[in-house]
Structures are given as structure tokens and as C-alpha cells.
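Asks: The structure that follows is given in the form of C-alpha cells.
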Amino acid sequence: MLCQMDSQINISKRWFAIVNPVAGKGKGLTDWPVISTLLHEAGIEVDALFTQRKHHATELAVYAVGKGYRKIIIIGGDGTIHETVHGLFLQQRVATADVLLAVIAVGTGNDWMRMYGIPNTYSDAVRSIVQGHTFLQDVGRVTYWESKVCQRRYLANVGGIAYDAAVCRGFNKLKDNGYRGKWLYIWSAAREACRFRSRQARIVADGKEVFNGKLFTATIGICKYTGGGMSQTPYAVADDGLFDMTVIPSMNRVRLFSRFRTLYTNNIYNITGVNLIRAGRIVVECDHPIQVELDGEILGEADFTFEIVPRAVRAIVSKNFVKLNEYGTTQAATQKKG
Ligand SMILES: Nc1ncnc2c1ncn2[C@@H]1O[C@H](COP(=O)(O)OP(=O)(O)OP(=O)(O)O)[C@@H](O)[C@H]1O
């Protein structure tokens, strides 16, 4: 445990660091001394705690806000960001947007950071924190079922159902078994492509039925990147009050996977039959159990409701981050901290 506390100091001016020691196959632990030194040298005063188990980042976020911290640095990957954002919604003390988040990427995929151009080198990431450019992004409130109990979680980046969740489950299992590498996600995607069976589903977006048929997969994004840089929701705008949902019905898998490259070229909607749904409230109903993953974490089963919580989380972004609009063209969007 690393923690410096002083009742005389103004806690709201200090940063609270949530350090995931297992993120990036242990980089969170091994690299923390270097990161801590860089933060100190940059004049960023930090009190830090390591996560000790799964979901502990959620508890630490609640703890930090309860103690009066209003600035949290996440030293981790997408899973740690997901858990921390969930914690911001569990605490009742302040509005979620009153807590400033920063991320120093030590994870494997680091997909949320990719959206905002947060540098991968620790010194540049620390410089971004000092520069203080922030962006207020939407968050998804998601209800799903687990052991016949309705549960709620928050989506900070990208989620998925059906095949997408099956790939994620396989990917997480491989990571839990100690495997690492950029081909892991693709390997899991290929394996599930052979065995996943499409399911009957009905999708209602802002009160209108938009899909009723055999669903292969659907990806739902506040942001764009998943699986270490693939883009299944390439035109998602993180503060427009809408989800981008990419729906792929049951189709010939050889034809679909022959277009795999489109995930890296923002061209997924060029595949015939692949559709974009844009809405602030999306309900998915299924006859058979299908799973959901949110920010890479496997949760429960259908039916699902996705609701936007507009502009709910404020985060440090790169000073070079330029928001694209819903057509993928440029528009300046960052705001310099006052
Ligand atoms: N002390 C711990 N022991 C075991 N698991 C932990 C511990 N602390 C956090 N975790 C879990 O570690 C998991 C992985 O964290 P995270 O997603 O941040 O890293 P990653 O998988 O390397 O990165 P990415 O998601 O960007 O690929 C999370 O699901 C989190 O719940």
C-alpha cells in the first residue's frame, strides 16, 4: 500500500492514483515506481493505492471521492477505467462530472486512451496531465440479468453482445491463463467465428423497432476502439448523447471475415448487411440467453437496456485530440482547463 495522508492539506487539490498491479501483465506493479517519480517531478501530488482484487478499483473510486479527492489518476487498462467509472456512479457525494479522471496506460489493449490520443510513453502521458486539456464524455447505463437478478453497470468505451461477447470471454480466459500478445484477440475471434451460433433478437432504438431476426453480433460504442485498435463503431462521437450500435445479422461468415480489414480502415459499414443504429436508448430482447461485455468485462445476459447518461465523465485528453463529428470529419472540441 502506498499512501500519504495529511489532514492539513487540501485533499481536493491532490490526485488519488488507482494502480492496477496486474494490468499489462504486471506492468502496473513493475512500472509504478517510474510513473510515481515522473508524477512527482512534474509537481503532481499523488496519494496512491494498489487494487488488490477484481472490482477493487470501483471500491477505491468510491473511497477516494468520499475522502474528498476530486482528481483520480488510473494506472491501468480498459478494465480499470471501467471499474473506476462504475465507482463514480456508485458514490453519491458529488456529480460524476465533478471528478476529473486521468489515465496512464499500462494495460494490454488501451483502447479508451487511443480514442483521445493519450500518449503511451509515461513521460508524455504525465505531460498531458500537466497540460490539463479535458473532455466531457457520455457514459452508457446498462441493465442486464445475472442469476435472474437485474443488474446495472456503466459503459465508458465500447461493449458488445452475442458473438462479440463470446470473443471477449475467450480472450479474457486466454489472458487469465497467462497468454499475451496482439494476436490473442484475433485468435479468439477466429475460434468463436467457427462455433458461435446466431440468435433471434429484437432491437428497439428510441422506441422504434430497428431489427428483428437472427443476430450474429452487435457492438455498442460511446467511443471507437476495441480489441487493441479495431474500430467497430468508427464514427462514434463521445459527447453527442447517442450510442453508435453496429448490427451484423446472421450472414455468410467466410464473406464477413474476408472483410476483416475494414475493422482497421473505418469501413465496416461498406459490408452489405452491416448497419449503424444511432440512439440514446436501445433495448435488446432475446429468446435464448446471449451475453454482454462492457469495456471488455463479461457481465450477464439479455434482455439488455442501454441508456445514455450525457456528458457524465470528465477526463484528461491529449492536447492534440480533435473530435470528429458523426461523419468522421474534423471539428475542434477540447477545452482548456480554467
Ligand atoms: N490485484 C488484482 N488481482 C487480480 N486482478 C486484478 C487486481 N486488480 C485489478 N484486477 C483486475 O485486472 C483486470 C485487468 O485490468 P485492465 O483491464 O486494467 O488491464 P489489461 O487487461 O492489461 O488492459 P486492457 O483492458 O486495456 O487490455 C481487471 O478485470 C481488474 O478487475
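Following the order of the C-alpha cells, first chain is A, next is B, and so on, with residues numbered from 1 inside each chain and ligands from 1 in the order they appear.
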Excluding same-chain residues fewer than 2 positions from Val62 (chain A), what lies within 8 Å of it counting only C-alpha atoms, as a ChimeraX atom specification?
Replies: /A:58-60,64-66,87-88,90-91
Asks: Can you tell me which residues sit at most 10 Å away from ligand 1, counting only C-alpha atoms and all ligand atoms, written as a VMD selection string?
Replies: chain A and resid 18 to 29 50 to 58 74 to 84 105 to 113 171 to 172 175 to 176 180 182 185 226 to 228 295 to 298
Asks: Using only C-alpha atoms, find the one residue out of A:Tyr122, A:Trp32, A:Phe135, A:Phe89 that sits nearest to Ser318 (chain A).
Replies: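 Residue with the minimum atom-to-atom distance to Ser318 (chain A): A:Phe135.
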Asks: Find the residues near Trp145 (chain A): any atom within 6 Å, counting only C-alpha atoms, skip ones fewer than 6 places away on the same chain, and give them as a compact mmCIF listing (two decimals) with N, CA and C atoms, in the first residue's frame.
Replies:
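See around05.txt below for the written result:
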```
# COMPACT_ATOMS: atom_id res chain seq x y z
N GLN A 151 -29.28 -6.31 -13.05
CA GLN A 151 -28.09 -5.59 -12.58
C GLN A 151 -27.86 -4.35 -13.43
N GLY A 300 -23.64 -10.06 -17.64
CA GLY A 300 -24.72 -11.04 -17.62
C GLY A 300 -25.36 -11.26 -18.98
N GLU A 301 -26.64 -11.56 -18.92
CA GLU A 301 -27.35 -11.99 -20.12
C GLU A 301 -28.52 -11.06 -20.45
```
Asks: Which of these, A:Trp183, A:Phe243, A:Phe216, A:Tyr235, has the shortest distance to Val283 (chain A) once you count only C-alpha atoms?
Replies: A:Phe243
Asks: Write out as a VMD selection string the residues lying within 12 Å of Thr272 (chain A), counting only C-alpha atoms and excluding same-chain residues fewer than 3 positions away.
Replies: chain A and resid 247 to 252 255 to 256 259 267 to 269 275 to 276
Asks: Taking C-alpha atoms for each residue, export the selection above as a PDB file, in the first residue's frame.
Replies:
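Now in part_27.pdb:
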```pdb
ATOM      1  CA  VAL A 247     -25.510  -4.576 -36.021  1.00  0.00           C
ATOM      2  CA  ILE A 248     -24.394  -7.610 -38.004  1.00  0.00           C
ATOM      3  CA  PRO A 249     -27.155 -10.077 -38.797  1.00  0.00           C
ATOM      4  CA  SER A 250     -26.503 -13.751 -39.440  1.00  0.00           C
ATOM      5  CA  MET A 251     -24.568 -13.922 -42.703  1.00  0.00           C
ATOM      6  CA  ASN A 252     -22.021 -15.980 -44.571  1.00  0.00           C
ATOM      7  CA  ARG A 255     -17.769 -13.395 -46.738  1.00  0.00           C
ATOM      8  CA  LEU A 256     -17.869 -11.457 -43.450  1.00  0.00           C
ATOM      9  CA  ARG A 259     -13.645  -8.151 -44.921  1.00  0.00           C
ATOM     10  CA  ASN A 267     -15.066   0.855 -43.451  1.00  0.00           C
ATOM     11  CA  ILE A 268     -17.184  -1.675 -41.594  1.00  0.00           C
ATOM     12  CA  TYR A 269     -20.413  -0.156 -42.957  1.00  0.00           C
ATOM     13  CA  ASN A 275     -25.980  -1.467 -40.205  1.00  0.00           C
ATOM     14  CA  LEU A 276     -25.411   1.523 -37.953  1.00  0.00           C
TER      15      LEU A 276
END
```
Asks: Between A:Arg195, A:Arg127, A:Lys224, A:Arg93, which has the minimum distance to Asn157 (chain A) (counting only C-alpha atoms)?
Replies: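 Using only C-alpha atoms, the shortest distance to Asn157 (chain A) belongs to A:Lys224.
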Asks: Could you check which of A:Leu136, A:Ala312, A:Ile129, A:Ile11 is closest to Ala42 (chain A), using only C-alpha atoms?
Replies: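 So, comparing all the options, the nearest one is A:Ile129.
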Asks: Using only C-alpha atoms, which residue out of A:His86, A:Lys319, A:Arg278, A:Arg197 lies closest to Val142 (chain A)?
Replies: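 Closest residue, counting only C-alpha atoms: A:His86.
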Asks: Go ahead and compute the interatomic distance for CA of Arg152 (chain A) and CA of Ser231 (chain A), in Å to one decimal.
Replies: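 About the pair CA of Arg152 (chain A) and CA of Ser231 (chain A): they are 25.4 Å apart.
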Asks: Considering only C-alpha atoms, return as a short mmCIF file (atom, residue, chain, number, x, y, z; two decimals) with N, CA and C atoms, in the first residue's frame whatever protein or nucleic-acid residues lie within 9 Å of Gly241 (chain A), sequence-local ones (same chain, fewer than 2 positions apart) excluded.
Replies:
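New file part-v6.cif:
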```
data_model
loop_
_atom_site.label_atom_id
_atom_site.label_comp_id
_atom_site.auth_asym_id
_atom_site.auth_seq_id
_atom_site.Cartn_x
_atom_site.Cartn_y
_atom_site.Cartn_z
N GLN A 137 -17.25 13.36 -21.55
CA GLN A 137 -17.83 12.34 -22.43
C GLN A 137 -19.10 11.72 -21.85
N ASP A 138 -19.90 11.16 -22.74
CA ASP A 138 -21.10 10.43 -22.34
C ASP A 138 -20.70 9.09 -21.71
N VAL A 139 -21.64 8.52 -20.97
CA VAL A 139 -21.44 7.18 -20.40
C VAL A 139 -22.73 6.40 -20.67
N ILE A 222 -19.66 4.19 -27.07
CA ILE A 222 -19.57 5.62 -26.74
C ILE A 222 -18.35 6.12 -27.50
N VAL A 237 -19.30 9.41 -31.65
CA VAL A 237 -18.92 10.73 -31.10
C VAL A 237 -19.21 10.65 -29.60
N ALA A 238 -18.18 10.88 -28.80
CA ALA A 238 -18.27 10.55 -27.38
C ALA A 238 -19.11 11.51 -26.55
N ASP A 239 -19.58 12.60 -27.15
CA ASP A 239 -20.38 13.54 -26.35
C ASP A 239 -21.64 13.98 -27.09
N PHE A 243 -25.62 6.50 -28.61
CA PHE A 243 -24.77 5.34 -28.86
C PHE A 243 -24.65 5.16 -30.36
N ALA A 279 -28.79 5.95 -31.37
CA ALA A 279 -29.92 6.26 -30.49
C ALA A 279 -29.43 6.49 -29.07
N GLY A 280 -30.27 7.12 -28.27
CA GLY A 280 -29.92 7.38 -26.88
C GLY A 280 -30.41 6.30 -25.95
N ILE A 308 -28.10 6.37 -22.51
CA ILE A 308 -27.01 7.35 -22.43
C ILE A 308 -27.17 8.24 -21.20
N VAL A 309 -26.07 8.42 -20.49
CA VAL A 309 -26.00 9.47 -19.47
C VAL A 309 -25.11 10.55 -20.10
N PRO A 310 -25.70 11.66 -20.55
CA PRO A 310 -24.91 12.60 -21.34
C PRO A 310 -23.83 13.33 -20.54
N ARG A 311 -22.67 13.47 -21.18
CA ARG A 311 -21.56 14.28 -20.66
C ARG A 311 -21.36 14.09 -19.15
#
```
Asks: Considering only C-alpha atoms, state which residue in the set A:Asp31, A:Glu146, A:Glu45, A:Asp124 is at the smallest distance from Gln291 (chain A).
Replies: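 Among the listed residues, the smallest separation from Gln291 (chain A) belongs to A:Glu146.
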Asks: Step one, run DSSP on the backbone; step two, keep only residues of region 159-225 of chain A assigned to alpha helix (DSSP H); then write them as an NGL selection string.
Replies: :A and (163-176 or 184-195)
Asks: Go ahead and dump the residues you just picked, C-alpha atoms, as a PDB file, in the first residue's frame.
Replies:
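Here's the written file again22.pdb:
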```pdb
ATOM      1  CA  TYR A 163     -20.531 -13.125 -30.902  1.00  0.00           C
ATOM      2  CA  ASP A 164     -18.665 -10.031 -29.651  1.00  0.00           C
ATOM      3  CA  ALA A 165     -19.177 -11.097 -26.022  1.00  0.00           C
ATOM      4  CA  ALA A 166     -18.186 -14.696 -26.834  1.00  0.00           C
ATOM      5  CA  VAL A 167     -14.903 -13.441 -28.364  1.00  0.00           C
ATOM      6  CA  CYS A 168     -14.276 -11.285 -25.310  1.00  0.00           C
ATOM      7  CA  ARG A 169     -14.967 -14.192 -22.955  1.00  0.00           C
ATOM      8  CA  GLY A 170     -12.466 -16.375 -24.840  1.00  0.00           C
ATOM      9  CA  PHE A 171      -9.920 -13.533 -24.939  1.00  0.00           C
ATOM     10  CA  ASN A 172     -10.203 -12.914 -21.181  1.00  0.00           C
ATOM     11  CA  LYS A 173      -9.806 -16.638 -20.493  1.00  0.00           C
ATOM     12  CA  LEU A 174      -6.600 -16.724 -22.531  1.00  0.00           C
ATOM     13  CA  LYS A 175      -5.301 -13.651 -20.636  1.00  0.00           C
ATOM     14  CA  ASP A 176      -6.238 -15.259 -17.289  1.00  0.00           C
ATOM     15  CA  LEU A 184      -4.702 -13.137 -28.936  1.00  0.00           C
ATOM     16  CA  TYR A 185      -7.883 -11.210 -29.738  1.00  0.00           C
ATOM     17  CA  ILE A 186      -7.754 -12.245 -33.388  1.00  0.00           C
ATOM     18  CA  TRP A 187      -7.183 -15.858 -32.389  1.00  0.00           C
ATOM     19  CA  SER A 188     -10.228 -15.734 -30.101  1.00  0.00           C
ATOM     20  CA  ALA A 189     -12.271 -14.031 -32.855  1.00  0.00           C
ATOM     21  CA  ALA A 190     -11.348 -16.778 -35.346  1.00  0.00           C
ATOM     22  CA  ARG A 191     -12.156 -19.581 -32.903  1.00  0.00           C
ATOM     23  CA  GLU A 192     -15.574 -18.163 -31.996  1.00  0.00           C
ATOM     24  CA  ALA A 193     -16.336 -17.482 -35.672  1.00  0.00           C
ATOM     25  CA  CYS A 194     -16.293 -21.249 -36.184  1.00  0.00           C
ATOM     26  CA  ARG A 195     -18.523 -22.146 -33.254  1.00  0.00           C
TER      27      ARG A 195
END
```
Asks: For a test of reading the model, state the distance in Å between CA of Glu307 (chain A) and CA of Arg153 (chain A), rounded to one decimal.
Replies: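 Going from CA of Glu307 (chain A) over to CA of Arg153 (chain A) covers 10.8 Å.
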